[in-house]
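Okay, target24.cif now, which holds mmCIF, C-alpha atoms:
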data_start
loop_
_atom_site.label_atom_id
_atom_site.label_comp_id
_atom_site.auth_asym_id
_atom_site.auth_seq_id
_atom_site.Cartn_x
_atom_site.Cartn_y
_atom_site.Cartn_z
CA GLN A 16 0.00 0.00 0.00
CA VAL A 17 1.22 3.49 -0.85
CA GLN A 18 0.25 6.60 1.07
CA LEU A 19 0.83 9.97 -0.57
CA VAL A 20 0.98 13.14 1.52
CA GLU A 21 0.92 16.57 -0.12
CA SER A 22 2.12 19.78 1.47
CA GLY A 23 3.05 23.31 0.46
CA GLY A 24 -0.29 24.78 -0.55
CA GLY A 25 -1.51 28.15 0.64
CA LEU A 26 -2.66 31.63 -0.29
CA VAL A 27 -0.48 33.67 -2.62
CA GLN A 28 -0.89 36.84 -4.65
CA GLY A 29 -1.00 36.67 -8.40
CA GLY A 30 2.51 36.48 -9.85
CA GLY A 31 3.80 34.71 -6.76
CA SER A 32 5.27 31.24 -6.32
CA LEU A 33 4.61 28.08 -4.33
CA ARG A 34 6.29 24.69 -4.20
CA LEU A 35 4.16 21.64 -3.56
CA SER A 36 5.63 18.42 -2.21
CA CYS A 37 4.28 14.88 -2.35
CA ALA A 38 5.91 12.42 0.01
CA GLY A 39 5.44 8.69 -0.30
CA LEU A 40 4.94 6.51 2.76
CA GLY A 41 4.95 2.75 2.92
CA ARG A 42 6.72 1.98 -0.35
CA THR A 43 9.45 3.44 -2.46
CA LEU A 44 8.08 5.55 -5.29
CA SER A 45 11.01 5.08 -7.66
CA GLY A 46 9.08 2.51 -9.68
CA PHE A 47 5.95 4.63 -10.03
CA THR A 48 4.78 7.00 -12.73
CA MET A 49 3.71 10.13 -10.87
CA GLY A 50 1.60 13.15 -11.63
CA TRP A 51 -0.11 16.27 -10.35
CA PHE A 52 -3.77 16.99 -10.94
CA ARG A 53 -6.03 19.81 -9.75
CA GLN A 54 -9.71 20.39 -9.16
CA ALA A 55 -11.35 23.79 -9.00
CA PRO A 56 -14.81 24.27 -7.44
CA GLY A 57 -17.52 22.99 -9.73
CA LYS A 58 -15.06 21.52 -12.21
CA GLU A 59 -13.69 18.08 -12.94
CA ARG A 60 -10.25 17.04 -11.80
CA GLU A 61 -7.73 17.87 -14.52
CA PHE A 62 -4.21 16.92 -15.45
CA VAL A 63 -1.43 19.37 -14.59
CA ALA A 64 1.90 17.55 -15.00
CA ALA A 65 3.45 14.09 -14.96
CA ILE A 66 6.93 12.61 -14.68
CA THR A 67 8.49 9.29 -15.57
CA ARG A 68 10.00 6.90 -13.06
CA SER A 69 13.52 8.18 -13.71
CA GLY A 70 12.48 11.82 -13.78
CA VAL A 71 13.99 12.34 -17.22
CA THR A 72 10.74 12.90 -19.11
CA THR A 73 7.94 15.27 -18.12
CA ASP A 74 4.67 16.50 -19.59
CA TYR A 75 2.50 19.53 -18.81
CA THR A 76 -0.90 20.80 -19.67
CA ASP A 77 -0.63 23.80 -21.97
CA SER A 78 -1.87 26.36 -19.44
CA VAL A 79 1.07 25.75 -17.06
CA LYS A 80 3.92 25.24 -19.54
CA GLY A 81 6.77 27.61 -18.82
CA ARG A 82 5.41 28.42 -15.35
CA PHE A 83 5.30 25.06 -13.50
CA THR A 84 8.09 22.50 -13.11
CA ILE A 85 7.61 18.91 -11.95
CA THR A 86 10.56 17.07 -10.44
CA ARG A 87 11.18 14.07 -8.23
CA ASP A 88 13.86 12.99 -5.78
CA ASN A 89 13.70 9.22 -5.57
CA ALA A 90 16.28 9.18 -2.77
CA LYS A 91 13.85 11.26 -0.67
CA ASN A 92 10.79 9.42 -1.99
CA THR A 93 9.27 12.79 -2.85
CA MET A 94 7.85 14.57 -5.89
CA TYR A 95 7.61 18.34 -6.28
CA LEU A 96 5.69 20.93 -8.26
CA GLN A 97 7.33 24.32 -8.47
CA MET A 98 4.68 26.86 -9.45
CA ASN A 99 5.78 30.32 -10.60
CA SER A 100 3.88 33.27 -12.05
CA LEU A 101 0.71 32.01 -10.43
CA ARG A 102 -2.63 33.24 -11.72
CA PRO A 103 -6.08 33.35 -10.10
CA GLU A 104 -7.20 30.62 -12.51
CA ASP A 105 -4.62 28.29 -10.91
CA THR A 106 -6.75 28.28 -7.75
CA ALA A 107 -7.72 24.68 -6.98
CA VAL A 108 -7.09 21.71 -4.76
CA TYR A 109 -3.93 20.04 -6.03
CA TYR A 110 -3.56 16.28 -5.82
CA CYS A 111 -0.53 14.08 -6.38
CA ALA A 112 -1.00 10.65 -7.92
CA ALA A 113 1.10 7.56 -8.44
CA ASP A 114 0.80 4.36 -10.44
CA PRO A 115 3.09 1.32 -10.48
CA ASN A 116 2.72 0.87 -14.23
CA ASN A 117 4.92 2.63 -16.76
CA LEU A 118 2.22 4.90 -18.13
CA TRP A 119 4.64 6.39 -20.65
CA VAL A 120 4.74 3.00 -22.34
CA GLU A 121 1.10 2.06 -21.79
CA GLY A 122 -0.27 5.54 -22.36
CA GLY A 123 -2.66 7.49 -20.20
CA TRP A 124 -0.37 9.50 -17.96
CA ARG A 125 -2.81 12.41 -18.35
CA VAL A 126 -5.85 10.33 -17.35
CA THR A 127 -7.06 10.37 -13.74
CA THR A 128 -8.47 6.83 -13.88
CA ARG A 129 -5.05 5.39 -14.78
CA TYR A 130 -3.59 6.24 -11.36
CA ASP A 131 -4.07 3.85 -8.46
CA TYR A 132 -2.90 6.04 -5.58
CA TRP A 133 -3.88 9.58 -4.61
CA GLY A 134 -3.01 12.05 -1.91
CA GLN A 135 -5.57 13.95 0.14
CA GLY A 136 -5.01 17.20 -1.72
CA THR A 137 -3.65 20.61 -0.80
CA GLN A 138 -5.44 23.91 -1.41
CA VAL A 139 -3.80 26.55 -3.57
CA THR A 140 -5.49 29.95 -3.67
CA VAL A 141 -4.19 32.75 -5.87
CA SER A 142 -5.58 36.22 -5.28
CA SER A 143 -5.85 38.84 -7.99
#

This entry written out as structure tokens:
Amino acid sequence: QVQLVESGGGLVQGGGSLRLSCAGLGRTLSGFTMGWFRQAPGKEREFVAAITRSGVTTDYTDSVKGRFTITRDNAKNTMYLQMNSLRPEDTAVYYCAADPNNLWVEGGWRVTTRYDYWGQGTQVTVSS
């Protein structure tokens, strides 16, 4: 069983930065495809970014490209999302997700239903 714990959310002014962390408990995450998703009030959960097991390859939704950076430190069993130039439309609950399959080979790293494990979420609020 894998437990994912997010931290780092909060309230920030537009143009500001936050770094989210996702720590894995119970199992090493080095063999997992990992991703970040977000859900704004009244909207479906959507893909934000994903990273391969090695951390070499990443993917982002268009709206965050050039502003957000996903990384992972397998030695610390932790994944990160550095968020810069934040906008009010980035306001949402952010969730980290992990799956033991190599979703870059199988496909579906942008799909919520492909991930087996989820964190509890952390609120990010960006004021205008």

Mind listing as a PyMOL selection string all residues within 7 Å of (3.0, 32.5, -9.0), counting all atoms listed in the file? chain A and resi 29-33+98-102

Quick one: of A:Ile85, A:Val108, A:Ala90, A:Val20, who's nearest to Val71 (chain A), counting all atoms listed in the file?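 Result for the nearest residue to Val71 (chain A): A:Ile85.
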
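With all atoms listed in the file as the atoms that count, the residue of A:Asp77, A:Glu104, A:Glu59, A:Asp114 with the shortest distance to Trp133 (chain A) is A:Asp114.
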
What lies within 8 Å of Thr76 (chain A) using only C-alpha atoms, ignoring chain neighbours under 5 positions off, as a short mmCIF file (atom, residue, chain, number, x, y, z; two decimals) with C-alpha atoms, keeping the file's coordinate frame?
data_model
loop_
_atom_site.label_atom_id
_atom_site.label_comp_id
_atom_site.auth_asym_id
_atom_site.auth_seq_id
_atom_site.Cartn_x
_atom_site.Cartn_y
_atom_site.Cartn_z
CA PHE A 62 -4.21 16.92 -15.45
CA VAL A 63 -1.43 19.37 -14.59
CA ALA A 64 1.90 17.55 -15.00
#

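Our summary of the geometry notes that CA of Gly134 (chain A) is positioned 12.3 Å from CA of Thr93 (chain A).
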
A:Thr43, A:Thr48, A:Thr106, A:Ser22: which is nearest Asp131 (chain A), counting only C-alpha atoms?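 With only C-alpha atoms as the atom set, the closest residue is A:Thr48.
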
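The protein and nucleic acid residues lying at most 7 Å from Leu96 (chain A) are Arg34, Leu35, Ser36, Phe83, Thr84, Ile85 and Thr86 of chain A, with all atoms listed in the file considered and sequence neighbours fewer than 4 positions away removed.
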
Box for region 80-90 of chain A: with edges along x, y and z, all listed atoms inside and 3 Å added on each side, what are the centre and edge lengths in Å to one decimal, as AutoDock Vina command-line options?
--center_x 10.1 --center_y 18.8 --center_z -11.2 --size_x 18.4 --size_y 25.2 --size_z 22.8

Apply the PyMOL selection byres ((chain A and resi 115) around 7) to the structure shown and report the selected residues as a list of chain:residue names.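 That expression, the PyMOL selection byres ((chain A and resi 115) around 7), corresponds here to A:Gly46, A:Phe47, A:Thr48, A:Ala113, A:Asp114, A:Asn116, A:Asn117.
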
Expand the PyMOL selection byres ((chain A and resi 139-143) around 6) into the explicit residue set it covers here, and present it as a short mmCIF file (atom, residue, chain, number, x, y, z; two decimals) with C-alpha atoms, in the coordinates of the input.
data_model
loop_
_atom_site.label_atom_id
_atom_site.label_comp_id
_atom_site.auth_asym_id
_atom_site.auth_seq_id
_atom_site.Cartn_x
_atom_site.Cartn_y
_atom_site.Cartn_z
CA GLY A 24 -0.29 24.78 -0.55
CA GLY A 25 -1.51 28.15 0.64
CA LEU A 26 -2.66 31.63 -0.29
CA VAL A 27 -0.48 33.67 -2.62
CA GLN A 28 -0.89 36.84 -4.65
CA GLY A 29 -1.00 36.67 -8.40
CA PRO A 103 -6.08 33.35 -10.10
CA THR A 106 -6.75 28.28 -7.75
CA ALA A 107 -7.72 24.68 -6.98
CA VAL A 108 -7.09 21.71 -4.76
CA GLN A 138 -5.44 23.91 -1.41
#

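With all atoms listed in the file as the basis for measurement, A:Cys111 is the residue among A:Cys111, A:Leu118, A:Val126, A:Ala55 that approaches Met94 (chain A) most closely.
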
Looking at only C-alpha atoms, which of A:Lys91, A:Arg82, A:Arg53, A:Arg60 is the one that sits closest to Thr128 (chain A)? A:Arg60

Using all atoms listed in the file, find the one residue out of A:Asn89, A:Ser78, A:Ala112, A:Val120 that sits nearest to Val17 (chain A). A:Ala112

Could you jot down the CA of Leu19 (chain A) to CA of Glu61 (chain A) separation for me, Å, one decimal place?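 Going from CA of Leu19 (chain A) over to CA of Glu61 (chain A), I get 18.2 Å.
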
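Going from CA of Gly50 (chain A) to CA of Gln97 (chain A) covers 12.9 Å.
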
Taking 4 positions as the minimum chain separation for residues in the same chain, which residues sit within 7 Å of Gly136 (chain A) when counting only C-alpha atoms? Answer as a compact mmCIF listing (two decimals) with C-alpha atoms, in the coordinates of the input.
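For reference, around14.txt as written:
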# COMPACT_ATOMS: atom_id res chain seq x y z
CA GLU A 21 0.92 16.57 -0.12
CA VAL A 108 -7.09 21.71 -4.76
CA TYR A 109 -3.93 20.04 -6.03
CA TYR A 110 -3.56 16.28 -5.82

Reconstructed N, CA, C and O atoms for region 94-119 of chain A, given as a JSON list (two decimals), keeping the file's coordinate frame:
[["chain", "number", "residue", "atom", "x", "y", "z"],
["A", 94, "MET", "N", 8.05, 13.87, -4.62],
["A", 94, "MET", "CA", 7.85, 14.57, -5.89],
["A", 94, "MET", "C", 7.50, 16.02, -5.57],
["A", 94, "MET", "O", 6.92, 16.31, -4.52],
["A", 95, "TYR", "N", 7.84, 16.92, -6.51],
["A", 95, "TYR", "CA", 7.61, 18.34, -6.28],
["A", 95, "TYR", "C", 6.90, 18.97, -7.47],
["A", 95, "TYR", "O", 6.98, 18.48, -8.60],
["A", 96, "LEU", "N", 6.24, 20.08, -7.21],
["A", 96, "LEU", "CA", 5.69, 20.93, -8.26],
["A", 96, "LEU", "C", 6.04, 22.36, -7.92],
["A", 96, "LEU", "O", 5.45, 22.93, -6.98],
["A", 97, "GLN", "N", 6.99, 22.92, -8.64],
["A", 97, "GLN", "CA", 7.33, 24.32, -8.47],
["A", 97, "GLN", "C", 6.40, 25.15, -9.34],
["A", 97, "GLN", "O", 6.37, 24.95, -10.56],
["A", 98, "MET", "N", 5.67, 26.07, -8.73],
["A", 98, "MET", "CA", 4.68, 26.86, -9.45],
["A", 98, "MET", "C", 5.09, 28.34, -9.37],
["A", 98, "MET", "O", 5.12, 28.91, -8.28],
["A", 99, "ASN", "N", 5.40, 28.91, -10.52],
["A", 99, "ASN", "CA", 5.78, 30.32, -10.60],
["A", 99, "ASN", "C", 4.75, 31.09, -11.41],
["A", 99, "ASN", "O", 3.94, 30.50, -12.13],
["A", 100, "SER", "N", 4.80, 32.40, -11.30],
["A", 100, "SER", "CA", 3.88, 33.27, -12.05],
["A", 100, "SER", "C", 2.44, 32.80, -11.90],
["A", 100, "SER", "O", 1.69, 32.69, -12.88],
["A", 101, "LEU", "N", 2.05, 32.55, -10.68],
["A", 101, "LEU", "CA", 0.71, 32.01, -10.43],
["A", 101, "LEU", "C", -0.37, 33.01, -10.81],
["A", 101, "LEU", "O", -0.20, 34.24, -10.67],
["A", 102, "ARG", "N", -1.48, 32.45, -11.27],
["A", 102, "ARG", "CA", -2.63, 33.24, -11.72],
["A", 102, "ARG", "C", -3.86, 32.84, -10.92],
["A", 102, "ARG", "O", -3.93, 31.71, -10.43],
["A", 103, "PRO", "N", -4.85, 33.73, -10.82],
["A", 103, "PRO", "CA", -6.08, 33.35, -10.10],
["A", 103, "PRO", "C", -6.71, 32.08, -10.64],
["A", 103, "PRO", "O", -7.29, 31.29, -9.86],
["A", 104, "GLU", "N", -6.60, 31.83, -11.93],
["A", 104, "GLU", "CA", -7.20, 30.62, -12.51],
["A", 104, "GLU", "C", -6.45, 29.34, -12.12],
["A", 104, "GLU", "O", -6.91, 28.24, -12.43],
["A", 105, "ASP", "N", -5.31, 29.46, -11.44],
["A", 105, "ASP", "CA", -4.62, 28.29, -10.91],
["A", 105, "ASP", "C", -5.20, 27.84, -9.56],
["A", 105, "ASP", "O", -4.80, 26.80, -9.03],
["A", 106, "THR", "N", -6.12, 28.62, -9.03],
["A", 106, "THR", "CA", -6.75, 28.28, -7.75],
["A", 106, "THR", "C", -7.48, 26.95, -7.85],
["A", 106, "THR", "O", -8.32, 26.75, -8.73],
["A", 107, "ALA", "N", -7.13, 26.02, -6.96],
["A", 107, "ALA", "CA", -7.72, 24.68, -6.98],
["A", 107, "ALA", "C", -7.14, 23.87, -5.82],
["A", 107, "ALA", "O", -6.19, 24.30, -5.17],
["A", 108, "VAL", "N", -7.73, 22.71, -5.62],
["A", 108, "VAL", "CA", -7.09, 21.71, -4.76],
["A", 108, "VAL", "C", -6.17, 20.88, -5.66],
["A", 108, "VAL", "O", -6.60, 20.38, -6.69],
["A", 109, "TYR", "N", -4.92, 20.77, -5.25],
["A", 109, "TYR", "CA", -3.93, 20.04, -6.03],
["A", 109, "TYR", "C", -3.69, 18.67, -5.41],
["A", 109, "TYR", "O", -3.49, 18.56, -4.19],
["A", 110, "TYR", "N", -3.72, 17.66, -6.26],
["A", 110, "TYR", "CA", -3.56, 16.28, -5.82],
["A", 110, "TYR", "C", -2.33, 15.66, -6.50],
["A", 110, "TYR", "O", -2.12, 15.86, -7.70],
["A", 111, "CYS", "N", -1.57, 14.89, -5.75],
["A", 111, "CYS", "CA", -0.53, 14.08, -6.38],
["A", 111, "CYS", "C", -1.07, 12.66, -6.56],
["A", 111, "CYS", "O", -1.95, 12.21, -5.82],
["A", 112, "ALA", "N", -0.54, 11.99, -7.57],
["A", 112, "ALA", "CA", -1.00, 10.65, -7.92],
["A", 112, "ALA", "C", 0.18, 9.78, -8.32],
["A", 112, "ALA", "O", 1.18, 10.30, -8.83],
["A", 113, "ALA", "N", 0.03, 8.49, -8.11],
["A", 113, "ALA", "CA", 1.10, 7.56, -8.44],
["A", 113, "ALA", "C", 0.52, 6.26, -8.98],
["A", 113, "ALA", "O", -0.57, 5.84, -8.55],
["A", 114, "ASP", "N", 1.23, 5.65, -9.91],
["A", 114, "ASP", "CA", 0.80, 4.36, -10.44],
["A", 114, "ASP", "C", 2.01, 3.48, -10.67],
["A", 114, "ASP", "O", 3.01, 3.96, -11.20],
["A", 115, "PRO", "N", 1.93, 2.20, -10.33],
["A", 115, "PRO", "CA", 3.09, 1.32, -10.48],
["A", 115, "PRO", "C", 3.39, 0.91, -11.92],
["A", 115, "PRO", "O", 4.46, 0.35, -12.19],
["A", 116, "ASN", "N", 2.48, 1.20, -12.83],
["A", 116, "ASN", "CA", 2.72, 0.87, -14.23],
["A", 116, "ASN", "C", 3.51, 1.98, -14.91],
["A", 116, "ASN", "O", 3.47, 3.13, -14.50],
["A", 117, "ASN", "N", 4.21, 1.63, -15.97],
["A", 117, "ASN", "CA", 4.92, 2.63, -16.76],
["A", 117, "ASN", "C", 3.94, 3.25, -17.75],
["A", 117, "ASN", "O", 3.77, 2.78, -18.87],
["A", 118, "LEU", "N", 3.28, 4.31, -17.31],
["A", 118, "LEU", "CA", 2.22, 4.90, -18.13],
["A", 118, "LEU", "C", 2.77, 5.57, -19.38],
["A", 118, "LEU", "O", 2.01, 5.84, -20.30],
["A", 119, "TRP", "N", 4.08, 5.83, -19.42],
["A", 119, "TRP", "CA", 4.64, 6.39, -20.65],
["A", 119, "TRP", "C", 4.70, 5.32, -21.76],
["A", 119, "TRP", "O", 4.70, 5.65, -22.92]]
